[in-house]
$ cat data-v6.txt   # compact mmCIF, C-alpha atoms
# COMPACT_ATOMS: atom_id res chain seq x y z
CA MET A 1 -35.94 -8.31 -11.18
CA PRO A 2 -32.89 -8.54 -13.47
CA ARG A 3 -30.55 -11.49 -12.98
CA MET A 4 -27.12 -10.70 -11.55
CA PRO A 5 -24.33 -11.14 -14.13
CA LYS A 6 -22.10 -14.16 -13.70
CA CYS A 7 -18.84 -13.49 -11.88
CA ARG A 8 -15.73 -13.66 -14.07
CA LYS A 9 -12.79 -15.77 -12.87
CA ILE A 10 -9.35 -14.22 -12.50
CA CYS A 11 -6.10 -15.95 -11.58
CA ALA A 12 -4.53 -13.19 -9.46
CA PHE A 13 -4.96 -9.58 -8.49
CA PRO A 14 -2.83 -6.95 -10.27
CA ASP A 15 0.48 -5.75 -8.87
CA TYR A 16 -0.21 -2.19 -10.07
CA TYR A 17 -3.49 -0.31 -9.77
CA GLY A 18 -2.82 3.26 -10.87
CA PHE A 19 -1.12 4.80 -13.91
CA VAL A 20 -0.54 8.54 -14.31
CA PRO A 21 0.80 10.46 -17.35
CA GLU A 22 4.31 11.68 -16.54
CA ASP A 23 3.95 15.29 -17.71
CA ALA A 24 0.33 15.86 -16.74
CA ASP A 25 -0.96 18.38 -14.22
CA LYS A 26 -1.98 15.83 -11.60
CA SER A 27 -4.27 18.28 -9.82
CA LYS A 28 -6.49 18.44 -12.92
CA LEU A 29 -6.36 14.83 -14.02
CA GLU A 30 -9.59 13.00 -14.74
CA THR A 31 -9.70 9.31 -13.89
CA ILE A 32 -10.78 6.39 -16.05
CA LYS A 33 -11.72 3.29 -14.07
CA MET A 34 -10.95 -0.12 -15.53
CA SER A 35 -12.52 -3.08 -13.72
CA LEU A 36 -10.56 -6.15 -12.68
CA ASP A 37 -12.34 -8.33 -15.25
CA GLU A 38 -11.44 -5.82 -17.98
CA TYR A 39 -7.83 -5.91 -16.77
CA GLU A 40 -7.89 -9.73 -16.86
CA VAL A 41 -9.13 -9.80 -20.46
CA ILE A 42 -6.39 -7.37 -21.57
CA LYS A 43 -3.81 -9.48 -19.74
CA LEU A 44 -4.97 -12.79 -21.22
CA LEU A 45 -5.48 -11.59 -24.80
CA ASP A 46 -2.80 -8.96 -25.33
CA TYR A 47 -0.11 -9.92 -22.80
CA GLU A 48 -0.36 -13.72 -22.67
CA GLY A 49 -1.50 -14.08 -26.29
CA LEU A 50 -4.57 -16.27 -25.74
CA ASN A 51 -7.39 -16.22 -28.26
CA GLN A 52 -10.90 -15.21 -27.23
CA GLU A 53 -12.15 -18.77 -26.91
CA GLU A 54 -9.25 -19.67 -24.58
CA CYS A 55 -9.80 -16.47 -22.60
CA ALA A 56 -13.51 -17.28 -22.20
CA GLY A 57 -12.61 -20.73 -20.89
CA ARG A 58 -10.21 -19.28 -18.34
CA MET A 59 -12.73 -16.76 -17.07
CA GLY A 60 -15.76 -19.05 -17.14
CA VAL A 61 -17.84 -16.85 -19.44
CA ALA A 62 -19.13 -16.88 -23.01
CA ARG A 63 -16.94 -15.74 -25.87
CA THR A 64 -19.39 -12.92 -26.61
CA THR A 65 -18.89 -11.68 -23.05
CA VAL A 66 -15.11 -11.64 -23.57
CA THR A 67 -15.61 -9.63 -26.77
CA ALA A 68 -17.74 -7.03 -24.99
CA ILE A 69 -15.33 -6.72 -22.05
CA TYR A 70 -12.34 -6.46 -24.40
CA ASP A 71 -13.97 -3.70 -26.47
CA SER A 72 -14.71 -1.71 -23.31
CA ALA A 73 -11.20 -2.22 -21.88
CA ARG A 74 -9.48 -1.17 -25.12
CA LYS A 75 -11.62 1.98 -25.32
CA LYS A 76 -10.67 2.95 -21.78
CA LEU A 77 -7.00 2.16 -22.32
CA SER A 78 -6.84 4.20 -25.54
CA CYS A 79 -8.61 7.16 -23.89
CA ALA A 80 -6.15 7.11 -21.01
CA ILE A 81 -3.14 7.07 -23.34
CA ILE A 82 -4.34 9.56 -25.95
CA GLU A 83 -6.09 12.02 -23.64
CA GLY A 84 -3.52 11.77 -20.86
CA ARG A 85 -5.88 10.65 -18.10
CA ARG A 86 -5.21 8.67 -14.94
CA LEU A 87 -6.05 4.96 -15.29
CA CYS A 88 -7.31 3.26 -12.14
CA ILE A 89 -7.99 -0.49 -11.86
CA SER A 90 -10.73 -1.35 -9.38
CA GLY A 91 -13.91 -3.38 -8.82
CA GLY A 92 -15.78 -5.65 -11.19
CA ASN A 93 -17.72 -8.91 -11.18
CA ILE A 94 -14.84 -11.19 -10.26
CA GLU A 95 -13.91 -14.24 -8.24
CA ILE A 96 -10.57 -16.00 -7.76
CA ASP A 97 -10.29 -19.25 -9.70
CA ARG A 98 -9.41 -21.84 -7.05
CA GLY A 99 -8.97 -24.50 -9.73
CA ARG A 100 -5.96 -22.87 -11.37
CA SER A 101 -2.80 -24.97 -10.92
CA PHE A 102 -0.93 -21.77 -9.99
CA TYR A 103 -2.22 -21.97 -6.43
CA LYS A 104 -1.67 -25.67 -5.64
CA LEU A 105 -3.56 -25.13 -2.39
CA ASP A 106 -2.77 -27.70 0.26
CA ILE A 107 -5.54 -26.57 2.57
CA GLY A 108 -9.20 -27.48 2.77
CA SER A 109 -12.24 -25.25 2.94
CA LYS A 110 -12.88 -23.61 6.28
CA GLY A 111 -15.86 -24.55 8.42
CA GLU A 112 -19.05 -22.52 8.61
CA ASN A 113 -18.22 -20.95 11.99
CA THR A 114 -14.48 -20.67 11.39
CA MET A 115 -12.40 -17.52 11.02
CA ARG A 116 -9.31 -18.13 8.89
CA VAL A 117 -6.28 -15.92 9.57
CA ALA A 118 -2.96 -15.95 7.71
CA VAL A 119 0.36 -14.69 9.06
CA THR A 120 3.47 -14.09 6.96
CA TYR A 121 5.85 -16.77 8.23
CA ASP A 122 9.57 -17.36 8.47
CA ASN A 123 11.01 -19.92 10.89
CA GLY A 124 8.38 -19.36 13.54
CA SER A 125 8.28 -15.56 13.32
CA VAL A 126 6.28 -12.97 11.41
CA PHE A 127 8.05 -12.26 8.12
CA GLY A 128 8.65 -8.56 7.58
CA HIS A 129 7.88 -8.09 3.88
CA PHE A 130 4.49 -9.27 2.61
CA GLY A 131 5.37 -9.13 -1.10
CA LYS A 132 8.39 -11.43 -0.62
CA THR A 133 6.94 -13.96 1.80
CA GLU A 134 7.45 -17.59 0.81
CA HIS A 135 5.20 -19.07 3.49
CA PHE A 136 2.03 -18.27 5.40
CA LYS A 137 0.99 -19.87 8.64
CA ILE A 138 -2.76 -20.24 8.43
CA TYR A 139 -4.87 -20.49 11.56
CA ASP A 140 -8.48 -21.64 11.75
CA ILE A 141 -10.12 -20.03 14.78
CA VAL A 142 -13.34 -21.40 16.28
CA ASP A 143 -15.02 -19.99 19.39
CA GLY A 144 -11.99 -17.89 20.26
CA LYS A 145 -9.51 -20.76 20.07
CA VAL A 146 -7.10 -22.06 17.43
CA ALA A 147 -8.69 -25.23 16.12
CA GLU A 148 -6.01 -25.95 13.52
CA SER A 149 -2.90 -24.34 12.05
CA LYS A 150 -0.72 -25.11 9.09
CA VAL A 151 2.30 -23.64 7.30
CA VAL A 152 1.75 -23.42 3.54
CA ASP A 153 4.02 -22.51 0.63
CA THR A 154 2.87 -19.44 -1.29
CA ASN A 155 3.78 -20.94 -4.70
CA GLY A 156 4.18 -17.48 -6.18
CA THR A 157 5.75 -14.05 -5.91
CA GLY A 158 4.36 -10.54 -6.11
CA HIS A 159 1.66 -9.07 -3.92
CA GLY A 160 -1.09 -9.44 -6.53
CA ALA A 161 -0.49 -13.19 -6.75
CA LEU A 162 -0.25 -13.46 -2.95
CA ALA A 163 -3.56 -11.64 -2.47
CA GLY A 164 -5.13 -14.07 -4.94
CA PHE A 165 -3.59 -16.98 -3.07
CA LEU A 166 -5.09 -15.79 0.22
CA LYS A 167 -8.50 -15.20 -1.35
CA ALA A 168 -8.50 -18.68 -2.88
CA ALA A 169 -7.57 -20.10 0.54
CA GLU A 170 -10.63 -18.38 2.06
CA VAL A 171 -8.49 -16.22 4.34
CA GLU A 172 -10.39 -13.38 6.01
CA VAL A 173 -7.57 -11.64 7.92
CA LEU A 174 -3.88 -11.14 7.11
CA ILE A 175 -1.30 -10.33 9.77
CA CYS A 176 2.10 -9.22 8.51
CA GLY A 177 5.09 -6.97 9.14
CA GLY A 178 5.77 -4.32 6.49
CA ILE A 179 3.54 -3.92 3.46
CA GLY A 180 3.43 -1.50 0.53
CA GLY A 181 0.60 0.52 -0.97
CA GLY A 182 -0.01 -1.79 -3.91
CA ALA A 183 -0.32 -4.80 -1.64
CA ARG A 184 -2.81 -2.94 0.55
CA THR A 185 -4.93 -2.24 -2.51
CA ALA A 186 -4.76 -5.87 -3.65
CA LEU A 187 -5.89 -7.08 -0.22
CA SER A 188 -8.69 -4.50 -0.15
CA GLU A 189 -9.90 -5.74 -3.54
CA ALA A 190 -9.78 -9.29 -2.17
CA GLY A 191 -11.88 -8.27 0.85
CA ILE A 192 -9.15 -9.30 3.32
CA GLU A 193 -8.77 -7.38 6.58
CA LEU A 194 -5.20 -6.26 7.28
CA TYR A 195 -3.17 -6.08 10.49
CA ALA A 196 0.24 -4.67 9.56
CA GLY A 197 3.28 -3.93 11.69
CA ALA A 198 3.28 -7.22 13.61
CA GLU A 199 6.50 -8.88 14.73
CA GLY A 200 7.74 -11.76 16.84
CA ASP A 201 6.48 -15.31 17.29
CA THR A 202 3.47 -16.06 15.06
CA ASP A 203 1.63 -18.11 17.69
CA ALA A 204 2.02 -15.28 20.22
CA VAL A 205 0.75 -12.78 17.64
CA ILE A 206 -2.32 -14.92 16.98
CA ALA A 207 -2.96 -15.12 20.71
CA SER A 208 -2.91 -11.31 20.84
CA PHE A 209 -5.28 -11.16 17.87
CA ILE A 210 -7.75 -13.52 19.54
CA ALA A 211 -7.51 -11.53 22.79
CA GLY A 212 -8.27 -8.32 20.88
CA SER A 213 -5.00 -6.68 21.85
CA LEU A 214 -3.26 -6.77 18.45
CA GLU A 215 -3.10 -3.26 17.03
CA LYS A 216 -3.58 -2.34 13.41
CA ASN A 217 -0.64 -0.27 12.23
CA GLY A 218 -1.67 1.76 9.20
CA ASP A 219 1.82 3.22 8.81
CA ALA A 220 3.77 -0.05 8.67
CA THR A 221 5.50 -0.18 5.29
CA CYS A 222 8.16 -2.29 3.63
CA ASP A 223 11.67 -0.95 3.07
CA HIS A 224 10.60 -0.20 -0.49
CA HIS A 225 7.00 0.45 -1.50
CA ASP A 226 5.39 -1.91 -3.97
CA HIS A 227 4.20 1.11 -5.95
CA GLU A 228 2.91 4.60 -5.49
CA HIS A 229 -0.35 5.89 -6.94
CA GLY A 230 0.97 9.43 -7.06
CA GLU A 231 -0.37 12.62 -5.48
CA GLY A 232 -2.09 10.70 -2.69
CA HIS A 233 -4.53 9.02 -5.10
CA HIS A 234 -5.69 5.58 -4.00
CA CYS A 235 -7.57 3.22 -6.26
CA GLY A 236 -9.97 0.56 -5.14
CA ASN A 237 -10.26 1.23 -1.43
CA HIS A 238 -13.67 -0.38 -1.11
CA GLU A 239 -14.75 -3.24 1.11
CA HIS A 240 -16.21 -6.56 0.09
CA GLY A 241 -18.59 -8.77 1.98
CA GLU A 242 -18.14 -12.41 2.85
CA GLY A 243 -17.18 -14.70 0.00
CA HIS A 244 -16.40 -13.12 -3.37
CA HIS A 245 -17.99 -9.82 -4.24
CA CYS A 246 -19.77 -9.18 -7.53
CA GLY A 247 -19.44 -5.45 -8.00
CA ASN A 248 -21.66 -3.05 -9.93
CA HIS A 249 -18.96 -1.68 -12.23
CA GLU A 250 -20.26 -0.26 -15.49
CA HIS A 251 -18.57 -1.43 -18.67
CA GLY A 252 -19.33 1.62 -20.73
CA GLY A 253 -16.79 3.59 -22.73
CA CYS A 254 -14.96 6.73 -21.66
CA ASN A 255 -16.93 9.34 -19.81
CA HIS A 256 -16.13 12.88 -20.87
$ encode --input "data-v6.txt" --output "structure tokens"
Amino acid sequence: MPRMPKCRKICAFPDYYGFVPEDADKSKLETIKMSLDEYEVIKLLDYEGLNQEECAGRMGVARTTVTAIYDSARKKLSCAIIEGRRLCISGGNIEIDRGRSFYKLDIGSKGENTMRVAVTYDNGSVFGHFGKTEHFKIYDIVDGKVAESKVVDTNGTGHGALAGFLKAAEVEVLICGGIGGGARTALSEAGIELYAGAEGDTDAVIASFIAGSLEKNGDATCDHHDHEHGEGHHCGNHEHGEGHHCGNHEHGGCNH
């Protein structure tokens, strides 16, 4: 039985997941899928200017692995640009790097039988815009009761960074007010269940969640969407299991 490949560490989830050529016939577009680890290598090498050895250290893999991922990512990126195809970022063998100083997590690991729920927080109430929230109130729920709660600073902006923050904090469920499409995708990639459209006192909202009376509002959006995928296309709407998920994304070149 082949050994599962080692998960690659990423610092945060992307803010944007889909890119479409402006003048293309969107009804006929073919899609190229770039995995999250391929995206991370492009970001670290080409955007942040790290060398391959530094990139390998960040991601917890060998330098040869970085080289292979980078070659695959560049091939996909060039195909998307030259051939005018949709580029979709989704999946991959990834885990959030809890050790990165970016997160500065002031919260311990949750217990074995604990459900951890985060609520966007502002002065005791649910904050209405996920991508702009500066605080979460995090609740640890055991046997249908709140065992512990704590308000934490997000230490970052942008929904991709916030999704990474929640994943690193071992949050399983997010409750918020409005939320855009890009943030929904980031949370889906992180394997975090979403309850949108909540409002009012955070403790009262959690009580409703525990009682099973809190509704999921799939239409709750922010005043401005984080981004649109275009033509109803949604990238990365797959579910993950408990803990981090090592996907089965293929790193081959472009498929014609």
$ closest_residue --input "data-v6.txt" --among "A:Ala186, A:Gly84, A:Glu172, A:Leu162" --to "Lys110 in chain A" --atoms "only C-alpha atoms"
A:Glu172
$ closest_residue --input "data-v6.txt" --among "A:Leu44, A:Met115, A:Ala169, A:Leu87" --to "Val146 in chain A" --atoms "only C-alpha atoms"
A:Met115
$ residues_around --input "data-v6.txt" --residues "range 120-129 of chain A" --least-positions-apart "2" --cutoff "6 Å" --atoms "all atoms listed in the file" --output "PDB file with C-alpha atoms, in the coordinates of the input"
ATOM      1  CA  GLY A 131       5.370  -9.130  -1.100  1.00  0.00           C
ATOM      2  CA  LYS A 132       8.390 -11.430  -0.620  1.00  0.00           C
ATOM      3  CA  HIS A 135       5.200 -19.070   3.490  1.00  0.00           C
ATOM      4  CA  PHE A 136       2.030 -18.270   5.400  1.00  0.00           C
ATOM      5  CA  LYS A 137       0.990 -19.870   8.640  1.00  0.00           C
ATOM      6  CA  CYS A 176       2.100  -9.220   8.510  1.00  0.00           C
ATOM      7  CA  GLY A 177       5.090  -6.970   9.140  1.00  0.00           C
ATOM      8  CA  GLY A 178       5.770  -4.320   6.490  1.00  0.00           C
ATOM      9  CA  GLU A 199       6.500  -8.880  14.730  1.00  0.00           C
ATOM     10  CA  GLY A 200       7.740 -11.760  16.840  1.00  0.00           C
ATOM     11  CA  ASP A 201       6.480 -15.310  17.290  1.00  0.00           C
ATOM     12  CA  THR A 202       3.470 -16.060  15.060  1.00  0.00           C
ATOM     13  CA  CYS A 222       8.160  -2.290   3.630  1.00  0.00           C
TER      14      CYS A 222
END
$ atom_distance --input "data-v6.txt" --atom1 "CA of Ala207 in chain A" --atom2 "CA of Asn155 in chain A"
26.9 Å
$ closest_residue --input "data-v6.txt" --among "A:Glu54, A:Asp140, A:Asp37, A:Asp23" --to "Ala68 in chain A" --atoms "all atoms listed in the file"
A:Asp37
$ residues_around --input "data-v6.txt" --residues "Ile141 in chain A" --least-positions-apart "4" --cutoff "12 Å" --atoms "all atoms listed in the file" --output "number ranges by chain"
A: 110-118, 145-149, 171-173, 206-207, 209-211
$ atom_distance --input "data-v6.txt" --atom1 "CA of Gly91 in chain A" --atom2 "CA of Leu36 in chain A"
5.8 Å
$ atom_distance --input "data-v6.txt" --atom1 "CA of Phe165 in chain A" --atom2 "CA of Ala12 in chain A"
7.5 Å
$ closest_residue --input "data-v6.txt" --among "A:Arg86, A:Lys150, A:His159, A:Arg8" --to "Asp106 in chain A" --atoms "all atoms listed in the file"
A:Lys150
$ closest_residue --input "data-v6.txt" --among "A:Thr185, A:Thr64, A:Thr31, A:Asn93" --to "Tyr17 in chain A" --atoms "only C-alpha atoms"
A:Thr185
$ closest_residue --input "data-v6.txt" --among "A:Asp203, A:Glu193, A:Glu95, A:Asp153" --to "Tyr139 in chain A" --atoms "all atoms listed in the file"
A:Asp203
